[in-house]
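Structure first, then comments.
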Amino acid sequence: MVEIDKEKTATAQEKILKTMTYTSGAFYVFTAALLAILGLFAFAYYTQLTKGLGVTGMNEPVYWGLYIATFIWFVGLAHGGISISAAVSVFKLENYKPVARMGELLTIICLMLAGIMITFDLGRPDRVINLVRFGRWQSPLVWDVIIIALYFMGSFTFMYLGLRKDMPALIKRFPGRSGIYKFISAGYRGTVKDHKVNKRVGYFLGIALLATMVMASGGVIPLIFCLQAAQPGWFTALLPIYFLCAALASAIACVIIIAYIARRLFDWYEFIPDRIFIGLANVLRVFLIFYMYFIISEHLVVRYAGLHPEQVFSNALFFGEFAPLWWTYLIVGTFIPFLMLVIPQTRTVKGILIASLIVVPALWLKRMLIVVPPLTRQLIPNPVMDPATRSSFITPITSIGVYSPSWVEWSLFIGALALGVLMFTLFAKFFPLIELEVADVHAEPEPVEAVPPAAPGAAPAEAAGPPARCGLCDAEFTSMDECCEHAEKEHGIAKDSCDMACEEVAEAAAPAEAAVVAKCGLCDAEFTSMDECCEHAEKEHAIAKASCDMTCEEVN
Amino acid sequence: MDTDVSRRTFLKLCGATIGAAVLGSKVVRSTELLNAAAGRTKYAMGINLKLCEETHECDGINACVHACKTVNITPPNSYWMQVLEDEHMSFADRLPRPCMQCENPPCVKVCPVGATYKRVDGIILVDYFRCIGCRLCAVACPYGARSFNWDWTTKEEIEKTQQESWAKVKEVWKLVGEESPLEKELGPDVTPKDAIEIPRPAGVIEKCNFCLHRVEKGLEPACVAVCPGSAITFGNVGDPDSEISKILEEKKWIKLLEEFGTKPSVFYYR
């Protein structure tokens, strides 16, 4: 194993800790803006608490709206983060380690926001404890509470395990805060044994989390919807896998956005290289194409079979009042990002970022289109609440429900987003956003490159860089560049594709070196090859060449 | 570990505790049911759509809806009893829709806190003091029979709504030219005190309960009592001599959205 270059690690570590050590004026402006939004948020919630849910756009029969859609969205976003992080630990995807902590943080924050969102939706948030006091295991909502609580605890512990490993370094670096960090480290001192135990627990917890993740979005959250026969738009067994797919797509897109912003802000190009974005984009496009397939599948079944209630819902999306949103979502929100991730010219880091910036809000819109349209189409023509007067007793000319989010709902939504960003920012001020281990790993390859010029004193004349050889004419060169130039001149091969002709000769350097290979056992003379030694043995010590191994021995 | 409890013992203890908790809750629930199962009655409602359509005094007002609001003092924007009118409905011009009091109620199934429950006589009730207002039951009901108490309303507002509804009931009966049975019973001026006095918290679900407070006193539900065309019949289907049992035997009837397996207790016939 190559030893960690302590000096380089310290530099890299310092770079990771930049979020904690350096505070610009922009930070204060940004935080102040977030706090201002939170002020609006507090005012909107105060309004809702004192006046009742009537201040929202929800009505009869659209009993659910933006809050529930945003709740699903947050739970979805919560998935990718921890799944990337757990996959790093379980499948040893060390390449993705630099984004693991950000993913974990995304999960924790989004799960908290999901909890907040569902509390906004309750008519009596003061009685939320009844879910624990009187919870019935037959209700899908209780399953949700259980699985989200479990998921939150698991993710929190998983993140803590990673955070704990950074504590010894943080205690050393920030002696002023050592009390807090010592408390968090809970006895972790970075010994080999500590490390081993931590890693083992993380591994098993990672497996458990991956399973819970599939269960949470793929098995439990959608059950609130797809178990309701009264809402034909939801009543399909496709919904669980549909939700899981959307959850992972939105979450991976969100991790891409966060990683990009962090890389730009803190100049972390060496920790978060382009290949991380490309790798995440490859996963993202798989989920996007699955999602498109599920949409086609859902509507094909509904429209081909032509059952009335389902068809009414499908028509509302395709041709009804939701058509502009629906088609915008389908074309701009899913198909274009998918194309951007498939075509090589747009699959650059910028292109991936733009696609992700489209996918995340588009999937929020899709969640709205899952929640609201089925509720507007009732099975029997019920009276509909007039949104203006909030009176439901109007002779119903049509029984189509109407919904548009009110300012209170928008404020609480934006406020929740601001709260999430604020939590993220404050976390970055107290803890490193990238695991400090990444700094160690980063320092490893450099000493390897540094060794060749330092060690071989015997061949100082040789130019740096590996020697190259032209595959077409067997000419040898001291560097790849020279070979490429030769290939262009002699063989008419463009420099970009010079690897067609030129190849690095890695081993070629070894025989050229005048290193000691053999040693005479009788007089301790040293030779560069076995043959030389044998010749010497014959001449000096009269030992036959055939049995020269009696005196000559190879030196490693 | 330095403690005396081994891992095996700990796990056993955990298992025993959980088992005891599960069994305990089962025992508690079954005693609750036994207490409620004192009388063997099953309430149902029959609605004669023909008589309902022919009652032209009700046109545009619907006495049953307002009688319900008067008696149950519902908040301004919530209507437990509704009369559905839709040009797309082929089998009826007017369709009174109380809660169906299903035998297999989807609303009870989904409630996370057990705030909505079924009595043995078939009536579904809501515990206003346990409901957390998640509206999952409203979403699960295929009939749209649940109304949510969206706003915090003052006592004055509720009283005003009650007076308005009561005026509408009187208006209908003025056209009929008689004093309505409900008026005879409650007197000309209704105040919240004359009717049911249940505090009405905001942010919870409410629904028709077949006027349980009246039924317990031996009275008919308000919508049945007030209907000028006598289109609505209420009674105990457990009793073969009751009016509703005879109607169900003689007439051909339908139930709304029966294919959803909800087994409603409201019958429609002509």
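Every chain in the structure tokens takes a letter, A first, then B, and so on in the order presented; its residues are numbered from 1, and the ligands are numbered from 1 following the presented order.
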I'd like the neighbourhood of segment 107-110 of chain B as a list in words, where a residue qualifies if any of its atoms comes within 8 Å (using only C-alpha atoms), though same-chain residues fewer than 2 positions away should be ignored.
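Here the qualifying residues turn out to be Gln138, Ser139, Pro140 and Leu141 of chain A; Pro105, Pro112, Gly114, Thr116, Tyr117, Lys118, Leu136, Cys137, Ala138, Ala140 and Cys141 of chain B.
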Residues from the last selection, C-alpha atoms, saved as a CSV table (one decimal), in the first residue's frame:
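The resulting file, part-v3.csv, is reproduced below:
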chain,number,residue,atom,x,y,z
A,138,GLN,CA,-54.8,-1.0,9.2
A,139,SER,CA,-54.3,2.5,7.9
A,140,PRO,CA,-51.9,3.3,5.1
A,141,LEU,CA,-51.1,6.6,6.7
B,105,PRO,CA,-67.0,1.5,5.0
B,112,PRO,CA,-55.2,6.4,10.9
B,114,GLY,CA,-59.6,5.3,14.6
B,116,THR,CA,-64.3,7.3,12.5
B,117,TYR,CA,-66.0,4.0,13.5
B,118,LYS,CA,-69.0,1.9,12.9
B,136,LEU,CA,-57.9,10.4,4.0
B,137,CYS,CA,-61.4,9.2,4.7
B,138,ALA,CA,-62.9,11.9,2.5
B,140,ALA,CA,-61.5,7.2,0.2
B,141,CYS,CA,-65.3,7.8,0.2
Give me, as an mmCIF file with N, CA and C atoms, in the first residue's frame, all polymer residues having an atom no more than 7 Å from Ile84 of chain A, counting only C-alpha atoms and skipping those fewer than 3 positions away in the same chain.
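Listed below is the output, part24.cif:
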data_model
loop_
_atom_site.group_PDB
_atom_site.id
_atom_site.type_symbol
_atom_site.label_atom_id
_atom_site.label_comp_id
_atom_site.auth_asym_id
_atom_site.auth_seq_id
_atom_site.Cartn_x
_atom_site.Cartn_y
_atom_site.Cartn_z
ATOM 1 N N GLY A 80 -32.643 9.368 -3.091
ATOM 2 C CA GLY A 80 -31.427 9.214 -3.871
ATOM 3 C C GLY A 80 -30.211 9.392 -3.023
ATOM 4 N N GLY A 81 -30.259 10.423 -2.173
ATOM 5 C CA GLY A 81 -29.083 10.746 -1.394
ATOM 6 C C GLY A 81 -28.580 9.538 -0.655
ATOM 7 N N ALA A 87 -25.026 2.795 -1.272
ATOM 8 C CA ALA A 87 -24.411 1.997 -2.332
ATOM 9 C C ALA A 87 -22.890 2.113 -2.277
ATOM 10 N N VAL A 88 -22.394 3.301 -1.921
ATOM 11 C CA VAL A 88 -20.946 3.479 -1.779
ATOM 12 C C VAL A 88 -20.415 2.524 -0.729
ATOM 13 N N ALA A 100 -21.231 11.433 -1.301
ATOM 14 C CA ALA A 100 -22.033 10.646 -0.362
ATOM 15 C C ALA A 100 -22.581 11.509 0.774
ATOM 16 N N GLY A 103 -25.403 13.654 -0.276
ATOM 17 C CA GLY A 103 -26.590 12.833 -0.464
ATOM 18 C C GLY A 103 -27.267 12.534 0.860
#
Just give me the gap between atom CA of Val139 of chain B and atom CA of Leu256 of chain B in Å, one decimal is fine.
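One can read the atom CA of Val139 of chain B to atom CA of Leu256 of chain B distance as 17.0 Å.
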Report, in Å with one decimal, the straight-line distance from atom CA of Gly203 of chain B to atom CA of Leu95 of chain B.
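Those two atoms sit 28.2 Å apart.
If you measure from each of B:Glu243, B:Glu250, B:Asp59, B:Glu178 to chain A using only C-alpha atoms, the closest one turns out to be B:Asp59.
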Output the contact residues of chain B with respect to chain A at a cut-off of 8 Å, based on only C-alpha atoms, as a ChimeraX atom specification.
/B:76-79,82,84-87,89,109-114,130-135,138-144,147-148,150-152,202-204,260
Write out as a PDB file with C-alpha atoms, in the first residue's frame all residues of segment 183-249 of chain A that DSSP puts in helix (DSSP H, G or I) for this structure's backbone.
ATOM      1  CA  PHE A 183     -19.329  14.801  22.227  1.00  0.00           C
ATOM      2  CA  ILE A 184     -20.312  13.869  18.678  1.00  0.00           C
ATOM      3  CA  SER A 185     -17.354  11.560  18.228  1.00  0.00           C
ATOM      4  CA  VAL A 192      -7.789   0.898  13.363  1.00  0.00           C
ATOM      5  CA  LYS A 193     -10.286  -0.929  15.546  1.00  0.00           C
ATOM      6  CA  ASP A 194     -12.642   2.063  15.748  1.00  0.00           C
ATOM      7  CA  HIS A 195     -12.486   2.377  12.012  1.00  0.00           C
ATOM      8  CA  LYS A 196     -13.204  -1.282  11.437  1.00  0.00           C
ATOM      9  CA  VAL A 197     -16.244  -1.358  13.725  1.00  0.00           C
ATOM     10  CA  ASN A 198     -17.619   1.817  12.186  1.00  0.00           C
ATOM     11  CA  LYS A 199     -17.205   0.455   8.691  1.00  0.00           C
ATOM     12  CA  ARG A 200     -18.872  -2.834   9.550  1.00  0.00           C
ATOM     13  CA  VAL A 201     -21.904  -1.183  11.123  1.00  0.00           C
ATOM     14  CA  GLY A 202     -22.117   1.147   8.126  1.00  0.00           C
ATOM     15  CA  TYR A 203     -22.089  -1.789   5.763  1.00  0.00           C
ATOM     16  CA  PHE A 204     -25.007  -3.591   7.378  1.00  0.00           C
ATOM     17  CA  LEU A 205     -26.932  -0.399   7.964  1.00  0.00           C
ATOM     18  CA  GLY A 206     -26.376   0.419   4.288  1.00  0.00           C
ATOM     19  CA  ILE A 207     -27.985  -2.868   3.261  1.00  0.00           C
ATOM     20  CA  ALA A 208     -30.924  -2.220   5.572  1.00  0.00           C
ATOM     21  CA  LEU A 209     -31.324   1.310   4.205  1.00  0.00           C
ATOM     22  CA  LEU A 210     -31.306   0.195   0.588  1.00  0.00           C
ATOM     23  CA  ALA A 211     -34.104  -2.239   1.412  1.00  0.00           C
ATOM     24  CA  THR A 212     -36.048   0.369   3.378  1.00  0.00           C
ATOM     25  CA  MET A 213     -35.610   2.837   0.547  1.00  0.00           C
ATOM     26  CA  VAL A 214     -37.291   0.497  -1.901  1.00  0.00           C
ATOM     27  CA  MET A 215     -40.022  -0.100   0.643  1.00  0.00           C
ATOM     28  CA  ALA A 216     -40.574   3.518   1.556  1.00  0.00           C
ATOM     29  CA  SER A 217     -41.171   5.068  -1.810  1.00  0.00           C
ATOM     30  CA  GLY A 218     -41.754   1.869  -3.689  1.00  0.00           C
ATOM     31  CA  GLY A 219     -43.933   0.102  -1.212  1.00  0.00           C
ATOM     32  CA  VAL A 220     -45.530   2.298   1.338  1.00  0.00           C
ATOM     33  CA  LEU A 223     -50.242   2.959  -0.847  1.00  0.00           C
ATOM     34  CA  ILE A 224     -52.058   6.003   0.556  1.00  0.00           C
ATOM     35  CA  PHE A 225     -53.122   6.568  -3.029  1.00  0.00           C
ATOM     36  CA  CYS A 226     -53.336   3.291  -4.844  1.00  0.00           C
ATOM     37  CA  LEU A 239     -48.250   3.250  -8.628  1.00  0.00           C
ATOM     38  CA  PRO A 240     -45.588   1.855  -6.226  1.00  0.00           C
ATOM     39  CA  ILE A 241     -42.947   1.225  -8.879  1.00  0.00           C
ATOM     40  CA  TYR A 242     -43.976   4.456 -10.589  1.00  0.00           C
ATOM     41  CA  PHE A 243     -43.275   6.391  -7.409  1.00  0.00           C
ATOM     42  CA  LEU A 244     -39.981   4.628  -6.748  1.00  0.00           C
ATOM     43  CA  CYS A 245     -38.741   5.459 -10.210  1.00  0.00           C
ATOM     44  CA  ALA A 246     -39.718   9.125  -9.937  1.00  0.00           C
ATOM     45  CA  ALA A 247     -38.196   9.297  -6.480  1.00  0.00           C
ATOM     46  CA  LEU A 248     -34.818   8.028  -7.622  1.00  0.00           C
ATOM     47  CA  ALA A 249     -34.814  10.205 -10.744  1.00  0.00           C
TER      48      ALA A 249
END
With a distance cut-off of 8 Å and only C-alpha atoms, select the neighbouring residues of segment 270-279 of chain A, excluding the residue or stretch itself and same-chain residues fewer than 4 positions from it, and output the selection as an NGL selection string.
:A and (95-96 or 98-99 or 256 or 259 or 263 or 283 or 347-349 or 352 or 438 or 442)
Kindly save the residues from that selection, with N, CA and C atoms included, as a compact mmCIF listing (two decimals), in the first residue's frame.
# COMPACT_ATOMS: atom_id res chain seq x y z
N ASN A 95 -15.66 5.66 -5.93
CA ASN A 95 -15.63 6.82 -6.82
C ASN A 95 -16.65 7.87 -6.41
N TYR A 96 -17.79 7.40 -5.86
CA TYR A 96 -18.89 8.32 -5.56
C TYR A 96 -18.83 8.83 -4.13
N PRO A 98 -17.14 11.20 -2.71
CA PRO A 98 -17.20 12.65 -2.47
C PRO A 98 -18.61 13.21 -2.43
N VAL A 99 -19.59 12.58 -3.09
CA VAL A 99 -20.95 13.13 -3.04
C VAL A 99 -21.81 12.41 -2.01
N ILE A 256 -26.97 15.84 -8.25
CA ILE A 256 -26.14 16.43 -9.30
C ILE A 256 -26.10 17.96 -9.13
N ALA A 259 -24.08 18.88 -5.99
CA ALA A 259 -22.65 18.64 -6.19
C ALA A 259 -22.05 19.69 -7.11
N ARG A 263 -19.14 22.30 -6.06
CA ARG A 263 -17.89 22.28 -6.80
C ARG A 263 -17.54 23.68 -7.30
N VAL A 283 -27.21 6.89 -14.63
CA VAL A 283 -28.27 6.28 -13.82
C VAL A 283 -29.57 7.05 -14.02
N ARG A 347 -24.23 15.56 -23.38
CA ARG A 347 -23.98 14.86 -22.11
C ARG A 347 -22.68 15.37 -21.49
N THR A 348 -22.55 16.69 -21.46
CA THR A 348 -21.41 17.29 -20.78
C THR A 348 -21.88 17.67 -19.39
N VAL A 349 -20.96 18.15 -18.56
CA VAL A 349 -21.35 18.51 -17.21
C VAL A 349 -22.43 19.60 -17.24
N ILE A 352 -25.71 18.05 -18.33
CA ILE A 352 -26.27 17.22 -17.25
C ILE A 352 -26.91 18.11 -16.20
N VAL A 438 -11.91 11.35 1.99
CA VAL A 438 -11.70 11.59 0.56
C VAL A 438 -10.36 12.27 0.35
N HIS A 442 -7.42 10.97 -2.03
CA HIS A 442 -6.98 11.86 -3.09
C HIS A 442 -5.46 11.97 -3.12
Record the distance separating atom CA of Ile289 of chain A and atom CA of Ile252 of chain A, expressed in Å with one decimal.
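Atom-to-atom, atom CA of Ile289 of chain A to atom CA of Ile252 of chain A, that is 14.2 Å.
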Find the residue from B:Cys52, B:Cys102, B:Ile18, B:Ile61 that sits nearest to Asn209 of chain B; use only C-alpha atoms when measuring.
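Closest to Asn209 of chain B, using only C-alpha atoms: B:Cys102.
Among the candidates A:Ala33, A:Ala439, A:Met530, A:Ile370, the one nearest to Lys8 of chain A when counting only C-alpha atoms is A:Ala439.
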Need to verify the contact set: Ser180 of chain B, 12 Å, only C-alpha atoms, exclusion of same-chain residues closer than 5 positions in sequence. Can you return it as a VMD selection string?
chain B and resid 63 to 64 67 166 168 to 175 185 to 188 222 to 230
